[in-house]
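*Asks:* First, the structure itself, so that you have it in front of you.
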Protein chains: 4
Amino acid sequence: MNPRRRSFASDNVAPAAPEIIAALSRVNTGTVHSYGDDPETRRLATLAQETFECELVIHPVATGTAANSLALASLVPPFGAVYCHELAHINTDECGAPEFFSGGAKLLTLGSPNGKLAAPQLAAPIAHAREMGVHHVLPAALSISQATEWGTVYRRDELTALAAAAHEHGLKVHMDGARFANAVAHLKCSPAEASWKCGVDALSFGATKNGALAAEAVIFFKPELAREFELRRKRAGHLWSKMRFLSAQLNACFENELWLRHARQANAMAARLAEGLRKRGIALLQPVEANEVFAAFPAKLSAALRSQEFEFYDWPVPAGSSPAVRLVTAYDMVSDDVDALLAAIPASSA
Amino acid sequence: MNPRRRSFASDNVAPAAPEIIAALSRVNTGTVHSYGDDPETRRLATLAQETFECELVIHPVATGTAANSLALASLVPPFGAVYCHELAHINTDECGAPEFFSGGAKLLTLGSPNGKLAAPQLAAPIAHAREMGVHHVLPAALSISQATEWGTVYRRDELTALAAAAHEHGLKVHMDGARFANAVAHLKCSPAEASWKCGVDALSFGATKNGALAAEAVIFFKPELAREFELRRKRAGHLWSKMRFLSAQLNACFENELWLRHARQANAMAARLAEGLRKRGIALLQPVEANEVFAAFPAKLSAALRSQEFEFYDWPVPAGSSPAVRLVTAYDMVSDDVDALLAAIPASSA
Amino acid sequence: MNPRRRSFASDNVAPAAPEIIAALSRVNTGTVHSYGDDPETRRLATLAQETFECELVIHPVATGTAANSLALASLVPPFGAVYCHELAHINTDECGAPEFFSGGAKLLTLGSPNGKLAAPQLAAPIAHAREMGVHHVLPAALSISQATEWGTVYRRDELTALAAAAHEHGLKVHMDGARFANAVAHLKCSPAEASWKCGVDALSFGATKNGALAAEAVIFFKPELAREFELRRKRAGHLWSKMRFLSAQLNACFENELWLRHARQANAMAARLAEGLRKRGIALLQPVEANEVFAAFPAKLSAALRSQEFEFYDWPVPAGSSPAVRLVTAYDMVSDDVDALLAAIPASSA
Amino acid sequence: MNPRRRSFASDNVAPAAPEIIAALSRVNTGTVHSYGDDPETRRLATLAQETFECELVIHPVATGTAANSLALASLVPPFGAVYCHELAHINTDECGAPEFFSGGAKLLTLGSPNGKLAAPQLAAPIAHAREMGVHHVLPAALSISQATEWGTVYRRDELTALAAAAHEHGLKVHMDGARFANAVAHLKCSPAEASWKCGVDALSFGATKNGALAAEAVIFFKPELAREFELRRKRAGHLWSKMRFLSAQLNACFENELWLRHARQANAMAARLAEGLRKRGIALLQPVEANEVFAAFPAKLSAALRSQEFEFYDWPVPAGSSPAVRLVTAYDMVSDDVDALLAAIPASSA
């Protein structure tokens with residue numbers, strides 16, 4: 001057994017895929033114009049349009065926080081409101097990045113037990129905002145995570161209804177797709193069907209968690225929303241001078257559907273893990289639809305596994321609930337990795 | 001002749017050095033903790049302290065604009081003033097990034113014919129600022145480029161006097177070291193002698209132009225100035241999850257003094273180019289001390305060279321002056337590359 | 001009956017007190033230095049120190065939003081967290097002003113049924129923040145409203161415990177005192193006992209709702225926190241050139257305890273109104289401790305009163321609850337005003 | 001002689017005009033809706049449209065810094081460039097307020113000996129900006145001061161040419177009219193002819209220096225530019241709850257052309273002062289067209305006058321020049337005030 005696979009802490013503890021490193025080597029030849037005026041970056045636009053089957057504008061950046069924040073800053077004014085789930089990564093894990101990039105916009109959070117928002121949740125807060133007038137930040141965007149922070153995946157009809165409600169209220173629709181690949185793999189639909197065909201205006205397309213070294217992209221399905229993106233990216237220090245190395249990673253993802261193959265593998269490993277846990281009588285907190293498993297682990301079980309160098313995070317639960325953990329699988333995990341964890345669980349753990 | 005070497009447009013059109021790509025491959029194995037809690041990042045701290053012979057705090061980022069802006073935001077309040085040369089990259093080429101990261105600080109520019117500032121230039125503007133009280137932004141930092149935007153290099157006594165004057169006025173001293181390696185190579189002194197021993201508080205250490213793929217570092221020689229840097233970096237989207245890949249590039253630079261060898265080569269090529277131009281009767285606008293050559297090229301000469309696919313930028317000159325160009329050499333350039341350009345200059349060009 | 005008193009919409013629909021207008025006239029003579037270097041502004045410092053029985057720094061501004069936001073921006077970094085009640089005015093009614101002034105700080109809200117926060121509520125969210133490290137905004141301040149947005153008043157022991165908990169966690173304590181006067185009047189204690197003696201670090205002292213024309217003040221009980229306030233105020237456009245007119249309003253409030261007499265009157269009217277409503281069988285949603293009454297008004301009752309030109313706001317209540325309204329009394333209201341409203345309530349309204 | 005008139009330091013050391021105080025008293029009766037939904041504020045819109053003979057949007061604020069910064073923030077994005085004179089108040093005297101309100105926009109300064117910009121000055125810097133692309137802030141607005149900081153007044157043909165050039169380059173045109181009244185009084189034209197008919201898009205209309213207590217207004221001649229102004233004003237804490245008191249001041253200015261009578265008086269006093277100085281052989285640095293006189297005062301003369309309690313500011317001049325002072329007259333100054341200063345100048349002063 002490969003000891004390195006004992007970490008179920010996050011998909012970002014994984015290395016980069018060999019195809020990504022190979023791509024960096026392949027484009028590392030000769031001079032090319034800097035700042036994106038290069039063949040790899042032009043090719044990225046083509047590959048993305050083929051992948052998503054539409055006109056679009058795509059801009060690479062190195063991190064998911066940058067992708068989300070730059071996208072949101074393009075969609076909302078400094079006095080705008082972004083509606084999102086209370087567990088949204090933009091709200092809980094980015095140290096106020098959306099507020100920083102937007103110049104002070106406000107995230108207004110909504111709840112739900114499974115990480116998904118539903119169309120009817122928007123009406124009341126937006127009606128309240130309209131009534132408050134200048135005293136309230138201006139409703140400007142909806143941001144949804146797909147897959148969600150609970151490892152669940154919006155169905156296409158849910159997405160369509162939610163985006164339609166947002167648009168009806170004058171909101172732009174942003175999708176945090178740090179795990180968009182896992183969602184598409186789960187939905188078994190085309191990337192187009194999982195994004196703009198459901199009403200998504202701007203997508204943070206994640207690659208880092210899915211095998212890249214450091215590469216994400218902001219994709220605007222309505223090119224007019226992208227008008228000033230490049231100025232925002234530059235002033236945020238997110239325009240690479242040697243851009244070919246950022247674009248090449250994304251190109252390697254799109255080529256031969258590497259991104260989807262990776263996501264399917266990660267999802268399959270999560271499903272295997274979930275199945276194994278269930279068989280051992282361990283309760284799962286959510287349906288496992290992407291590459292994250294939330295499980296009720298007694299403290300003793302967590303301690304036992306950690307003593308064998310398995311890694312995973314405790315997951316915050318309401319006071320009084322049984323303790324829970326988050327287990328994340330990754331594109332490079334194999335059945336043996338999962339089975340090793342399962343094998344390490346004592347019979348009497350549940 | 002290798003056609004790729006016809007670009008003298010910038011040092012960032014060059015590929016990454018083989019050592020950098022090799023480093024990425026080498027660290028691409030197994031899981032490691034994300035966000036900088038990894039062996040490569042720990043090793044970077046050690047290597048940097050050895051290189052600079054002092055206690056310091058070093059934080060990698062992917063771009064020079066990020067390095068400069070995050071450093072400055074750590075040194076000045078939103079209502080602060082940063083004194084810099086009017087040609088400083090932070091003032092002319094970063095789309096307002098320092099203003100963005102700092103929350104609105106103001107760059108107050110000073111002039112000089114060679115890109116260097118001199119200690120006595122600070123007294124008058126700072127006295128004025130003090131007199132103006134709350135109506136004037138608060139003098140907070142001096143930012144100097146080493147090497148400068150004119151390809152010149154501050155001597156150590158100049159730096160020492162300038163930093164001392166800044167400190168006397170209560171300013172912090174930031175050095176934009178996008179081409180710090182070239183400056184150190186020129187000065188033939190130790191990195192310590194070119195930085196904190198002259199009074200530099202924070203250094204943007206450039207590696208991208210010097211052979212890295214995308215890697216810079218902010219180095220604080222006074223650790224207390226770095227206290228909140230990591231929060232600023234995270235909220236700006238500049239904290240990589242797979243940090244090993246950023247740190248590994250910098251480690252490869254520091255190892256075996258790759259960074260200095262690269263800079264010496266680039267400098268030598270610039271010196272060779274300058275010498276060749278002089279021999280052909282072409283006037284140089286500045287002493288050539290790093291890897292940039294500013295030359296008076298008649299329009300006809302520029303056109304002739306460009307028709308042979310040589311690339312370089314026109315350089316803005318005062319109205320009435322002869323036209324000028326900037327020629328940048330890079331770490332991967334060899335004598336043949338320079339000689340090819342020189343050979344392409346018709347005898348009667350000056 | 002004076003028809004103008006039919007508005008119970010807010011205390012800011014009231015005119016300014018005659019003493020305030022008289023003060024403006026009195027200081028409107030001759031030239032004085034601008035921007036606060038004038039006798040009225042110096043006198044304000046003296047009066048405030050006498051009133052609060054301590055060393056302090058006081059800076060006048062024209063609006064409550066400015067006072068709150070400038071105070072908070074002085075207490076928290078751009079990547080800081082401000083803990084506050086979910087109904088806090090800074091969270092719900094200021095169009096993102098705290099986010100704007102602070103450069104993107106985040107308000108993290110806590111709940112409670114009566115508008116008050118309790119000391120034990122801080123531990124869990126702050127422990128979570130510490131654990132999250134750079135991914136979470138930095139816990140920096142607690143902001144509490146006194147009187148609260150529910151018209152309730154923190155007791156001194158509650159305040160003391162809350163501020164002590166905040167300080168223990170490294171937070172600064174800000175008090176939004178838009179209705180501080182009403183709270184002091186209710187507590188029947190000294191201004192010192194209601195503020196710094198309980199641990200308040202910075203107070204937004206409200207006067208506009210309490211009889212001024214447009215005047216609030218930020219009071220720092222720890223002068224070191226005020227160090228850069230004046231620069232922040234200037235760059236926010238909140239430094240008046242003819243400052244005497246702002247200071248004179250506050251001086252008129254402090255003289256002869258006008259501010260407390262005003263607040264006592266407003267509170268007494270609210271008490272009278274509450275008593276009258278109770279007698280008519282109308283349920284109150286909260287104890288009436290300051291100058292706001294929250295009452296369960298059937299829709300029919302609201303409509304009937306509005307048809308007679310009484311004014312008041314509907315108050316948002318959870319879905320399924322009976323509709324409620326907010327009735328605000330003001331310093332210039334008299335018993336007849338209250339009795340007129342009560343008399344207009346049909347016998348069968350409850 | 002009235003000792004109070006010995007200050008020629010600024011027009012903001014003057015008290016408010018009796019008509020202004022009277023207006024505050026007059027509107028100080030009964031309840032009115034807050035935040036601008038009141039008769040005085042509605043009347044302001046009417047008076048302003050009559051005064052400027054056009055459709056417009058007018059929003060009052062209390063300070064000139066707020067007016068300028070809110071106007072500019074409405075016209076330029078956070079990554080925008082504002083072109084202005086290097087002596088512009090927004091550049092030198094507002095502690096970075098435009099940068100703060102706009103979220104980091106950059107003021108790019110142009111020079112001229114008399115405080116005025118000329119149409120041909122725009123082409124070169126804007127061409128440079130376009131060429132630089134995303135590395136340069138986006139050209140977005142021109143801001144001009146009328147009257148200028150040198151006490152000069154743009155002629156209408158100069159303004160028209162300048163605004164036309166700005167519009168041609170895609171810039172919006174902002175006028176800092178802190179002393180707009182003095183300019184109109186000098187030009188002897190209509191307010192319309194001095195503003196929108198020359199191409200001004202947004203005007204900061206100053207009243208405080210011209211007799212108000214604290215009142216300025218932002219006027220948008222293109223209503224679509226005002227779309228989000230009210231949200232910006234609120235979040236900046238510049239929306240007064242008791243707005244009637246702000247609007248009433250401006251109404252009193254517009255009624256019976258009080259603002260123009262005030263400005264004519266201040267201008268006349270400056271002309272009288274200039275004439276008297278010239279007769280005494282004292283050189284003036286600029287033509288006196290508004291209410292400011294810049295005079296070459298030997299240090300001995302300044303000292304002599306100050307010993308008699310005359311007040312005025314030294315004015316920065318290039319090294320080597322004779323020392324200079326700025327003398328500002330105000331709406332409430334009379335001939336005796338000016339003559340007293342002149343009489344105090346010893347015969348041999350020049």
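Note on naming: chains are A, B, ... as they come in the structure tokens, residues start from 1 per chain, ligands start from 1 in the order shown.
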Hey, what's within 10 Å of range 116-126 of chain C if we count only C-alpha atoms and toss same-chain stuff fewer than 2 positions away? As a PyMOL selection string, please?

*Replies:* chain C and resi 81+83-88+108-114+128-132+138-140+142-155+158-166+168-171

*Asks:* From a DSSP pass on the backbone, collect the residues of range 125-189 of chain B flagged as helix (DSSP H, G or I) and hand them back as a ChimeraX atom specification.

*Replies:* /B:125-135,156-168,180-187

*Asks:* What's the 8 Å shell around range 179-196 of chain A, counting only C-alpha atoms, without same-chain residues fewer than 2 positions away, as number ranges by chain?

*Replies:* A: 51-54, 146-147, 153-156, 176-177, 198-201, 203, 205-206, 209-210, 221, 259-260, 263-264, 266-267, 289-291

*Asks:* Please report, as JSON lines, each residue of chain B lying at most 6 Å from chain A, together with the nearest pair of atoms and the separation in Å rounded to one decimal; use only C-alpha atoms, and order rows by chain and ascending residue number.

*Replies:*
{"residue": "B:Arg4", "atom": "CA", "partner": "A:Gly30", "partner_atom": "CA", "distance": 5.0}
{"residue": "B:Val13", "atom": "CA", "partner": "A:Thr31", "partner_atom": "CA", "distance": 4.9}
{"residue": "B:Ala14", "atom": "CA", "partner": "A:Thr31", "partner_atom": "CA", "distance": 4.8}
{"residue": "B:Pro15", "atom": "CA", "partner": "A:Asn28", "partner_atom": "CA", "distance": 5.3}
{"residue": "B:Asn28", "atom": "CA", "partner": "A:Pro15", "partner_atom": "CA", "distance": 5.2}
{"residue": "B:Thr29", "atom": "CA", "partner": "A:Pro15", "partner_atom": "CA", "distance": 5.9}
{"residue": "B:Gly30", "atom": "CA", "partner": "A:Arg4", "partner_atom": "CA", "distance": 5.1}
{"residue": "B:Thr31", "atom": "CA", "partner": "A:Ala14", "partner_atom": "CA", "distance": 4.8}
{"residue": "B:Val32", "atom": "CA", "partner": "A:Val13", "partner_atom": "CA", "distance": 5.2}
{"residue": "B:His33", "atom": "CA", "partner": "A:Val13", "partner_atom": "CA", "distance": 5.5}
{"residue": "B:Ser34", "atom": "CA", "partner": "A:Val13", "partner_atom": "CA", "distance": 5.4}
{"residue": "B:Thr65", "atom": "CA", "partner": "A:Gly237", "partner_atom": "CA", "distance": 4.8}
{"residue": "B:Ala66", "atom": "CA", "partner": "A:Gly237", "partner_atom": "CA", "distance": 4.5}
{"residue": "B:Glu94", "atom": "CA", "partner": "A:Arg235", "partner_atom": "CA", "distance": 5.9}
{"residue": "B:Cys95", "atom": "CA", "partner": "A:Arg235", "partner_atom": "CA", "distance": 5.0}
{"residue": "B:Gly96", "atom": "CA", "partner": "A:Arg235", "partner_atom": "CA", "distance": 5.8}
{"residue": "B:Ala97", "atom": "CA", "partner": "A:Arg235", "partner_atom": "CA", "distance": 4.2}
{"residue": "B:Arg235", "atom": "CA", "partner": "A:Ala97", "partner_atom": "CA", "distance": 4.2}
{"residue": "B:Ala236", "atom": "CA", "partner": "A:Ala97", "partner_atom": "CA", "distance": 6.0}
{"residue": "B:Gly237", "atom": "CA", "partner": "A:Ala66", "partner_atom": "CA", "distance": 4.5}

*Asks:* Enumerate as a VMD selection string all residues of range 64-284 of chain B assigned to strand (DSSP E or B) by DSSP on the backbone, naming them with the chain letters and numbers the document uses.

*Replies:* chain B and resid 80 to 85 106 to 110 138 to 145 172 to 177 202 to 206 216 to 220 284

*Asks:* Write a file of the just-selected residues containing N, CA and C atoms, as an mmCIF file, in the first residue's frame.

*Replies:*
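Output file result-v5.cif is given in full below:
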data_model
loop_
_atom_site.group_PDB
_atom_site.id
_atom_site.type_symbol
_atom_site.label_atom_id
_atom_site.label_comp_id
_atom_site.auth_asym_id
_atom_site.auth_seq_id
_atom_site.Cartn_x
_atom_site.Cartn_y
_atom_site.Cartn_z
ATOM 1 N N GLY B 80 -2.165 56.203 3.432
ATOM 2 C CA GLY B 80 -0.727 56.453 3.434
ATOM 3 C C GLY B 80 -0.201 56.914 2.088
ATOM 4 N N ALA B 81 1.008 57.469 2.116
ATOM 5 C CA ALA B 81 1.706 57.857 0.894
ATOM 6 C C ALA B 81 2.912 56.960 0.701
ATOM 7 N N VAL B 82 3.095 56.518 -0.540
ATOM 8 C CA VAL B 82 4.292 55.779 -0.935
ATOM 9 C C VAL B 82 5.079 56.676 -1.886
ATOM 10 N N TYR B 83 6.290 57.007 -1.513
ATOM 11 C CA TYR B 83 7.130 57.801 -2.401
ATOM 12 C C TYR B 83 7.886 56.854 -3.336
ATOM 13 N N CYS B 84 7.870 57.192 -4.602
ATOM 14 C CA CYS B 84 8.561 56.338 -5.572
ATOM 15 C C CYS B 84 8.956 57.161 -6.791
ATOM 16 N N HIS B 85 9.768 56.580 -7.631
ATOM 17 C CA HIS B 85 10.147 57.244 -8.876
ATOM 18 C C HIS B 85 8.948 57.280 -9.814
ATOM 19 N N LYS B 106 -1.679 56.342 -1.751
ATOM 20 C CA LYS B 106 -1.354 57.195 -2.888
ATOM 21 C C LYS B 106 0.141 57.110 -3.172
ATOM 22 N N LEU B 107 0.468 56.935 -4.454
ATOM 23 C CA LEU B 107 1.871 56.963 -4.857
ATOM 24 C C LEU B 107 2.232 58.407 -5.177
ATOM 25 N N LEU B 108 3.219 58.924 -4.483
ATOM 26 C CA LEU B 108 3.679 60.288 -4.756
ATOM 27 C C LEU B 108 5.031 60.162 -5.444
ATOM 28 N N THR B 109 5.099 60.686 -6.648
ATOM 29 C CA THR B 109 6.268 60.394 -7.477
ATOM 30 C C THR B 109 7.307 61.508 -7.445
ATOM 31 N N LEU B 110 8.531 61.072 -7.583
ATOM 32 C CA LEU B 110 9.683 61.961 -7.667
ATOM 33 C C LEU B 110 10.397 61.621 -8.974
ATOM 34 N N LEU B 138 -0.696 60.290 4.607
ATOM 35 C CA LEU B 138 0.356 60.156 5.612
ATOM 36 C C LEU B 138 1.620 59.523 5.029
ATOM 37 N N PRO B 139 2.752 60.214 5.092
ATOM 38 C CA PRO B 139 3.993 59.615 4.575
ATOM 39 C C PRO B 139 4.259 58.282 5.266
ATOM 40 N N ALA B 140 4.400 57.226 4.496
ATOM 41 C CA ALA B 140 4.453 55.905 5.115
ATOM 42 C C ALA B 140 5.550 55.006 4.564
ATOM 43 N N ALA B 141 5.865 55.112 3.298
ATOM 44 C CA ALA B 141 6.877 54.211 2.750
ATOM 45 C C ALA B 141 7.597 54.832 1.564
ATOM 46 N N LEU B 142 8.785 54.343 1.357
ATOM 47 C CA LEU B 142 9.563 54.629 0.153
ATOM 48 C C LEU B 142 9.657 53.312 -0.605
ATOM 49 N N SER B 143 9.402 53.363 -1.904
ATOM 50 C CA SER B 143 9.584 52.157 -2.715
ATOM 51 C C SER B 143 10.610 52.449 -3.802
ATOM 52 N N ILE B 144 11.630 51.637 -3.870
ATOM 53 C CA ILE B 144 12.663 51.816 -4.890
ATOM 54 C C ILE B 144 12.829 50.541 -5.696
ATOM 55 N N SER B 145 13.144 50.694 -6.957
ATOM 56 C CA SER B 145 13.340 49.539 -7.844
ATOM 57 C C SER B 145 14.831 49.301 -7.994
ATOM 58 N N LYS B 172 8.871 53.377 5.947
ATOM 59 C CA LYS B 172 9.388 52.032 5.729
ATOM 60 C C LYS B 172 10.013 51.987 4.341
ATOM 61 N N VAL B 173 10.957 51.079 4.149
ATOM 62 C CA VAL B 173 11.656 50.997 2.862
ATOM 63 C C VAL B 173 11.333 49.684 2.153
ATOM 64 N N HIS B 174 10.708 49.826 1.008
ATOM 65 C CA HIS B 174 10.388 48.667 0.165
ATOM 66 C C HIS B 174 11.271 48.677 -1.080
ATOM 67 N N MET B 175 11.741 47.513 -1.449
ATOM 68 C CA MET B 175 12.510 47.405 -2.683
ATOM 69 C C MET B 175 11.781 46.488 -3.659
ATOM 70 N N ASP B 176 11.483 47.035 -4.834
ATOM 71 C CA ASP B 176 10.926 46.218 -5.914
ATOM 72 C C ASP B 176 12.105 45.535 -6.587
ATOM 73 N N GLY B 177 12.298 44.275 -6.260
ATOM 74 C CA GLY B 177 13.450 43.545 -6.767
ATOM 75 C C GLY B 177 13.095 42.587 -7.877
ATOM 76 N N ALA B 202 11.565 45.561 3.379
ATOM 77 C CA ALA B 202 10.817 44.497 2.693
ATOM 78 C C ALA B 202 11.240 44.469 1.237
ATOM 79 N N LEU B 203 11.449 43.273 0.739
ATOM 80 C CA LEU B 203 11.952 43.083 -0.622
ATOM 81 C C LEU B 203 10.995 42.221 -1.429
ATOM 82 N N SER B 204 10.625 42.713 -2.595
ATOM 83 C CA SER B 204 9.956 41.854 -3.571
ATOM 84 C C SER B 204 11.063 41.180 -4.371
ATOM 85 N N PHE B 205 11.231 39.898 -4.112
ATOM 86 C CA PHE B 205 12.317 39.145 -4.737
ATOM 87 C C PHE B 205 11.786 38.484 -5.998
ATOM 88 N N GLY B 206 12.335 38.898 -7.133
ATOM 89 C CA GLY B 206 11.821 38.395 -8.402
ATOM 90 C C GLY B 206 12.514 37.142 -8.878
ATOM 91 N N GLU B 216 7.660 34.553 -7.264
ATOM 92 C CA GLU B 216 8.288 35.715 -6.650
ATOM 93 C C GLU B 216 8.168 35.479 -5.141
ATOM 94 N N ALA B 217 8.831 36.315 -4.383
ATOM 95 C CA ALA B 217 8.661 36.179 -2.939
ATOM 96 C C ALA B 217 8.707 37.543 -2.295
ATOM 97 N N VAL B 218 7.912 37.669 -1.234
ATOM 98 C CA VAL B 218 8.018 38.862 -0.404
ATOM 99 C C VAL B 218 8.866 38.478 0.798
ATOM 100 N N ILE B 219 9.939 39.236 0.999
ATOM 101 C CA ILE B 219 10.834 38.955 2.123
ATOM 102 C C ILE B 219 10.803 40.135 3.084
ATOM 103 N N PHE B 220 10.456 39.847 4.318
ATOM 104 C CA PHE B 220 10.462 40.877 5.357
ATOM 105 C C PHE B 220 11.700 40.675 6.212
ATOM 106 N N LEU B 284 23.673 55.183 -26.367
ATOM 107 C CA LEU B 284 22.911 54.541 -25.286
ATOM 108 C C LEU B 284 22.380 55.633 -24.359
#

*Asks:* Could you jot down the CA of Ala178 in chain A to CA of Ala207 in chain A separation for me, Å, one decimal place?

*Replies:*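 Computing the Euclidean distance for CA of Ala178 in chain A and CA of Ala207 in chain A yields 7.2 Å.
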
*Asks:* Using only C-alpha atoms for the distances, tell me which of C:Pro298, C:Glu255, C:Glu309, C:Val328 is nearest to Arg43 in chain C.

*Replies:*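 Under the stated criterion, the closest residue is C:Glu255.
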
*Asks:* Nearest residue to Pro39 in chain C out of C:Val134, C:Val317, C:Ala248, C:Ala283, using only C-alpha atoms?

*Replies:* C:Ala248

*Asks:* For a test of reading the model, state the distance in Å between CA of Ser322 in chain D and CA of Ser348 in chain D, rounded to one decimal.

*Replies:* 16.1 Å

*Asks:* Residues near Val334 in chain B, anyone? I mean within 10 Å using only C-alpha atoms, not counting same-chain ones fewer than 4 positions away, as JSON, numbers by chain.

*Replies:* {"B": [5, 265, 266, 268, 269, 329, 330, 338, 339]}

*Asks:* Based on the selection just made, write N, CA and C atoms of those residues as a CSV table (one decimal), in the first residue's frame.

*Replies:*
chain,number,residue,atom,x,y,z
B,5,ARG,N,15.3,33.3,-30.1
B,5,ARG,CA,16.1,34.3,-29.4
B,5,ARG,C,16.0,35.7,-30.1
B,265,GLN,N,24.5,35.9,-16.5
B,265,GLN,CA,24.4,35.6,-17.9
B,265,GLN,C,23.6,36.7,-18.6
B,266,ALA,N,22.5,37.1,-18.0
B,266,ALA,CA,21.7,38.1,-18.6
B,266,ALA,C,22.4,39.4,-18.7
B,268,ALA,N,25.7,39.9,-18.7
B,268,ALA,CA,26.8,39.8,-19.6
B,268,ALA,C,26.3,40.0,-21.0
B,269,MET,N,25.1,39.4,-21.3
B,269,MET,CA,24.6,39.6,-22.7
B,269,MET,C,24.2,41.1,-22.9
B,329,THR,N,17.8,41.6,-22.3
B,329,THR,CA,18.4,40.3,-22.4
B,329,THR,C,17.9,39.4,-21.3
B,330,ALA,N,18.1,38.1,-21.5
B,330,ALA,CA,17.5,37.2,-20.5
B,330,ALA,C,18.5,36.1,-20.1
B,338,VAL,N,22.9,37.7,-29.3
B,338,VAL,CA,23.2,39.1,-29.3
B,338,VAL,C,23.9,39.4,-30.6
B,339,ASP,N,24.8,38.6,-31.0
B,339,ASP,CA,25.6,38.9,-32.2
B,339,ASP,C,24.7,38.9,-33.4

*Asks:* Can you work out the spacing between CA of Glu19 in chain D and CA of Leu258 in chain D in Å, to one decimal?

*Replies:*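 These two atoms are separated by 8.6 Å.
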